[in-house]
file work-v1.tsv (TSV, C-alpha atoms)
chain	number	residue	atom	x	y	z
A	1	MET	CA	18.87	29.54	11.99
A	2	ILE	CA	16.42	30.78	9.33
A	3	HIS	CA	17.63	28.10	6.92
A	4	SER	CA	17.05	25.51	9.65
A	5	ILE	CA	13.51	26.76	10.31
A	6	LYS	CA	12.75	26.95	6.59
A	7	HIS	CA	14.20	23.47	6.14
A	8	THR	CA	12.08	22.13	9.01
A	9	ILE	CA	8.89	23.71	7.67
A	10	LEU	CA	9.58	22.49	4.14
A	11	LEU	CA	10.39	19.03	5.43
A	12	GLY	CA	7.14	19.00	7.39
A	13	ALA	CA	5.22	20.01	4.27
A	14	LEU	CA	7.09	17.38	2.27
A	15	LEU	CA	6.32	14.69	4.80
A	16	LEU	CA	2.71	15.79	4.67
A	17	GLY	CA	2.98	15.32	0.96
A	18	LEU	CA	4.51	11.88	1.27
A	19	ILE	CA	1.23	10.61	2.57
A	20	VAL	CA	-0.59	11.36	-0.64
A	21	ALA	CA	2.42	11.13	-2.88
A	22	SER	CA	4.30	8.03	-1.87
A	23	ALA	CA	4.25	4.36	-1.09
A	24	GLY	CA	6.51	1.45	-0.25
A	25	VAL	CA	9.09	0.36	-2.70
A	26	GLY	CA	10.58	-2.74	-1.04
A	27	THR	CA	8.23	-5.68	-1.39
A	28	GLN	CA	5.39	-3.58	-2.83
A	29	PRO	CA	2.63	-4.95	-0.62
A	30	SER	CA	-0.93	-4.41	-1.77
A	31	ASP	CA	-1.46	-1.27	0.33
A	32	THR	CA	1.44	0.49	-1.41
A	33	ALA	CA	1.16	-1.02	-4.88
A	34	VAL	CA	1.18	0.88	-8.15
A	35	GLY	CA	-2.16	2.61	-8.62
A	36	ARG	CA	-2.88	2.91	-4.89
A	37	LYS	CA	-2.72	5.97	-2.66
A	38	ALA	CA	-0.11	5.95	0.07
A	39	PRO	CA	-0.94	5.12	3.68
A	40	VAL	CA	-0.90	7.83	6.34
A	41	VAL	CA	2.28	8.28	8.38
A	42	GLN	CA	2.19	9.27	12.05
A	43	LEU	CA	5.01	11.71	12.84
A	44	GLY	CA	5.06	12.58	16.51
A	45	ASN	CA	1.61	14.04	17.22
A	46	VAL	CA	1.04	15.17	13.65
A	47	GLN	CA	-0.78	12.96	11.19
A	48	SER	CA	0.53	13.88	7.77
A	49	ALA	CA	-0.99	14.03	4.30
A	50	ILE	CA	0.91	15.54	1.38
A	51	ASN	CA	-0.80	18.75	0.50
A	52	ALA	CA	2.14	21.08	-0.11
A	53	GLU	CA	1.18	23.80	-2.59
A	54	GLU	CA	4.41	23.33	-4.53
A	55	LEU	CA	3.61	19.66	-5.18
A	56	LYS	CA	-0.03	20.09	-6.15
A	57	GLY	CA	-0.79	19.21	-9.74
A	58	LYS	CA	2.68	17.76	-10.35
A	59	TYR	CA	4.25	14.37	-10.64
A	60	VAL	CA	6.63	13.74	-7.75
A	61	LEU	CA	9.64	11.45	-7.92
A	62	ILE	CA	10.63	10.45	-4.39
A	63	SER	CA	13.95	8.73	-3.77
A	64	PHE	CA	14.68	7.21	-0.35
A	65	TRP	CA	18.43	7.00	0.24
A	66	ASP	CA	21.27	6.71	2.71
A	67	SER	CA	24.94	7.54	2.16
A	68	SER	CA	25.95	4.04	3.34
A	69	ASP	CA	23.69	2.36	0.76
A	70	ALA	CA	25.54	2.64	-2.55
A	71	ALA	CA	22.59	1.65	-4.75
A	72	SER	CA	20.21	4.21	-3.25
A	73	ARG	CA	22.84	6.97	-3.31
A	74	GLU	CA	23.61	6.22	-6.95
A	75	ALA	CA	19.90	6.25	-7.83
A	76	CYS	CA	19.46	9.61	-6.12
A	77	ASN	CA	22.36	10.97	-8.18
A	78	ARG	CA	20.86	9.60	-11.42
A	79	TYR	CA	17.48	11.18	-10.67
A	80	ASN	CA	19.12	14.48	-9.75
A	81	ALA	CA	21.05	14.45	-13.04
A	82	TRP	CA	17.93	13.55	-15.04
A	83	PHE	CA	15.94	16.42	-13.52
A	84	ASN	CA	18.83	18.86	-14.07
A	85	ALA	CA	19.05	17.81	-17.72
A	86	ASN	CA	15.31	17.70	-18.50
A	87	HIS	CA	13.65	20.33	-16.26
A	88	PRO	CA	10.12	18.89	-16.52
A	89	SER	CA	7.65	21.65	-15.64
A	90	ASP	CA	4.98	19.25	-14.40
A	91	ALA	CA	7.24	17.27	-12.05
A	92	CYS	CA	9.55	17.63	-9.10
A	93	PHE	CA	12.20	15.50	-7.44
A	94	VAL	CA	12.48	14.88	-3.69
A	95	GLY	CA	15.28	12.95	-2.01
A	96	ILE	CA	14.57	11.65	1.50
A	97	ASN	CA	17.78	10.80	3.34
A	98	PHE	CA	18.06	8.52	6.38
A	99	ASP	CA	21.64	9.34	7.49
A	100	ASP	CA	22.14	9.59	11.25
A	101	SER	CA	24.61	12.43	10.81
A	102	ALA	CA	23.54	15.82	9.47
A	103	GLU	CA	27.20	16.58	8.74
A	104	MET	CA	27.51	13.42	6.63
A	105	PHE	CA	24.31	14.25	4.77
A	106	ASN	CA	25.45	17.82	4.04
A	107	GLU	CA	28.85	16.63	2.86
A	108	ILE	CA	27.35	14.01	0.51
A	109	VAL	CA	24.91	16.56	-0.93
A	110	ARG	CA	27.87	18.90	-1.55
A	111	ARG	CA	30.22	16.22	-2.96
A	112	ASP	CA	27.57	14.68	-5.20
A	113	SER	CA	26.40	18.12	-6.41
A	114	LEU	CA	22.83	17.33	-5.42
A	115	ASN	CA	20.39	20.22	-5.41
A	116	PRO	CA	20.10	20.96	-1.65
A	117	SER	CA	16.56	22.30	-2.06
A	118	ASP	CA	15.46	18.84	-3.29
A	119	GLN	CA	17.15	16.85	-0.51
A	120	TYR	CA	15.83	16.29	3.01
A	121	ARG	CA	17.33	14.41	5.92
A	122	VAL	CA	14.84	13.00	8.39
A	123	GLY	CA	15.50	12.37	12.07
A	124	ARG	CA	15.50	8.92	13.60
A	125	GLN	CA	11.83	9.00	14.70
A	126	GLU	CA	10.59	10.19	11.31
A	127	ALA	CA	12.93	7.77	9.51
A	128	GLU	CA	11.57	4.82	11.47
A	129	ALA	CA	7.97	5.84	10.70
A	130	ILE	CA	8.69	6.28	7.00
A	131	TYR	CA	10.73	3.07	6.89
A	132	ARG	CA	7.85	1.01	8.32
A	133	THR	CA	5.04	2.76	6.49
A	134	TYR	CA	6.67	2.56	3.06
A	135	HIS	CA	7.90	-1.01	3.58
A	136	LEU	CA	11.58	-0.27	3.04
A	137	GLU	CA	12.68	-3.49	4.81
A	138	LYS	CA	14.09	-4.90	1.58
A	139	GLY	CA	16.11	-1.77	0.83
A	140	TYR	CA	15.69	1.79	-0.24
A	141	GLY	CA	14.03	2.71	-3.49
A	142	SER	CA	12.15	5.33	-5.43
A	143	LEU	CA	8.67	5.94	-6.72
A	144	VAL	CA	6.73	8.31	-8.93
A	145	VAL	CA	3.41	9.69	-7.77
A	146	SER	CA	0.82	11.23	-10.09
A	147	PRO	CA	-0.74	14.66	-9.52
A	148	GLN	CA	-3.75	12.78	-8.16
A	149	GLY	CA	-1.59	11.13	-5.47
A	150	ARG	CA	-1.49	7.65	-7.00
A	151	ILE	CA	1.66	5.57	-7.32
A	152	VAL	CA	2.67	5.42	-10.99
A	153	CYS	CA	5.78	3.23	-10.72
A	154	HIS	CA	8.60	2.06	-8.49
A	155	ASN	CA	12.32	2.56	-9.18
A	156	PRO	CA	11.97	4.09	-12.66
A	157	GLY	CA	14.83	4.20	-15.13
A	158	PRO	CA	15.58	7.18	-17.38
A	159	GLU	CA	13.49	5.80	-20.24
A	160	GLU	CA	10.49	5.37	-17.95
A	161	LEU	CA	10.93	8.94	-16.67
A	162	ASP	CA	11.03	10.16	-20.28
A	163	GLN	CA	7.71	8.40	-20.94
A	164	ILE	CA	6.00	9.61	-17.78
A	165	PHE	CA	7.13	13.22	-18.10
A	166	SER	CA	6.84	13.66	-21.87

call {"tool": "encode", "arguments": {"input": "work-v1.tsv", "output": "structure tokens"}}
result
Amino acid sequence: MIHSIKHTILLGALLLGLIVASAGVGTQPSDTAVGRKAPVVQLGNVQSAINAEELKGKYVLISFWDSSDAASREACNRYNAWFNANHPSDACFVGINFDDSAEMFNEIVRRDSLNPSDQYRVGRQEAEAIYRTYHLEKGYGSLVVSPQGRIVCHNPGPEELDQIFS
């Protein structure tokens, strides 16, 4: 129960952070393009803006994924491995999962050896809001956000992460 409450609070803070720290990765429309701040997401009655203390002053790599989407799951695993190998002090990794099943999500996190504290599964209502706001119609993806809340890049490879976080 405490883990569930902690997870919910952390997810809420993370979603607040997504507002400042993320943008669409599908077609990259002008409102979510590199260099722009992310649009606000409406989650239930709470309008969110990323302001989580743990994310302040850091680069944030956000990976949107689903266990049924092989490319997004593989990307999440690559980012997890990169962060485990490099431990950048000025950056953090956040995986946002859209699986319908919490059991499936938990099993994939376990099987893929993902860091559970970096992975969050959102409910259907939140997933739909994020999906629309971040223009994920063309598929899941990832983005890096600067400490100032600006989009640095979409779908970075390891070399690009090395450059950003060096």

call {"tool": "residues_around", "arguments": {"input": "work-v1.tsv", "residues": "Cys153 in chain A", "least_positions_apart": "5", "cutoff": "7 Å", "atoms": "only C-alpha atoms", "output": "list in words"}}
result
Val34, Leu143 and Val144 of chain A

call {"tool": "atom_distance", "arguments": {"input": "work-v1.tsv", "atom1": "CA of Ile108 in chain A", "atom2": "CA of Arg73 in chain A"}}
result
9.2 Å

call {"tool": "closest_residue", "arguments": {"input": "work-v1.tsv", "among": "A:Phe64, A:Tyr140, A:Tyr134, A:Tyr79", "to": "Phe93 in chain A", "atoms": "only C-alpha atoms"}}
result
A:Tyr79

call {"tool": "residues_around", "arguments": {"input": "work-v1.tsv", "residues": "Phe165 in chain A", "least_positions_apart": "4", "cutoff": "8 Å", "atoms": "all atoms listed in the file", "output": "list in words"}}
result
Pro88, Asp90, Ala91 and Leu161 of chain A

call {"tool": "atom_distance", "arguments": {"input": "work-v1.tsv", "atom1": "CA of Pro116 in chain A", "atom2": "CA of Ile130 in chain A"}}
result
20.5 Å

call {"tool": "closest_residue", "arguments": {"input": "work-v1.tsv", "among": "A:Phe98, A:Pro156, A:Ala70, A:Arg36", "to": "Glu126 in chain A", "atoms": "all atoms listed in the file"}}
result
A:Phe98

call {"tool": "closest_residue", "arguments": {"input": "work-v1.tsv", "among": "A:Asp69, A:Asp100, A:Asp112, A:Glu107", "to": "Ala127 in chain A", "atoms": "only C-alpha atoms"}}
result
A:Asp100

call {"tool": "closest_residue", "arguments": {"input": "work-v1.tsv", "among": "A:Asn77, A:Thr133, A:Ser67, A:Asn115", "to": "Glu103 in chain A", "atoms": "only C-alpha atoms"}}
result
A:Ser67

call {"tool": "closest_residue", "arguments": {"input": "work-v1.tsv", "among": "A:Asp66, A:Tyr59, A:Arg150, A:Asn86", "to": "Asn106 in chain A", "atoms": "only C-alpha atoms"}}
result
A:Asp66

call {"tool": "closest_residue", "arguments": {"input": "work-v1.tsv", "among": "A:Cys92, A:Gln119, A:Gly35, A:Ser166", "to": "Cys76 in chain A", "atoms": "only C-alpha atoms"}}
result
A:Gln119

call {"tool": "atom_distance", "arguments": {"input": "work-v1.tsv", "atom1": "CA of Pro147 in chain A", "atom2": "CA of Ser72 in chain A"}}
result
24.2 Å
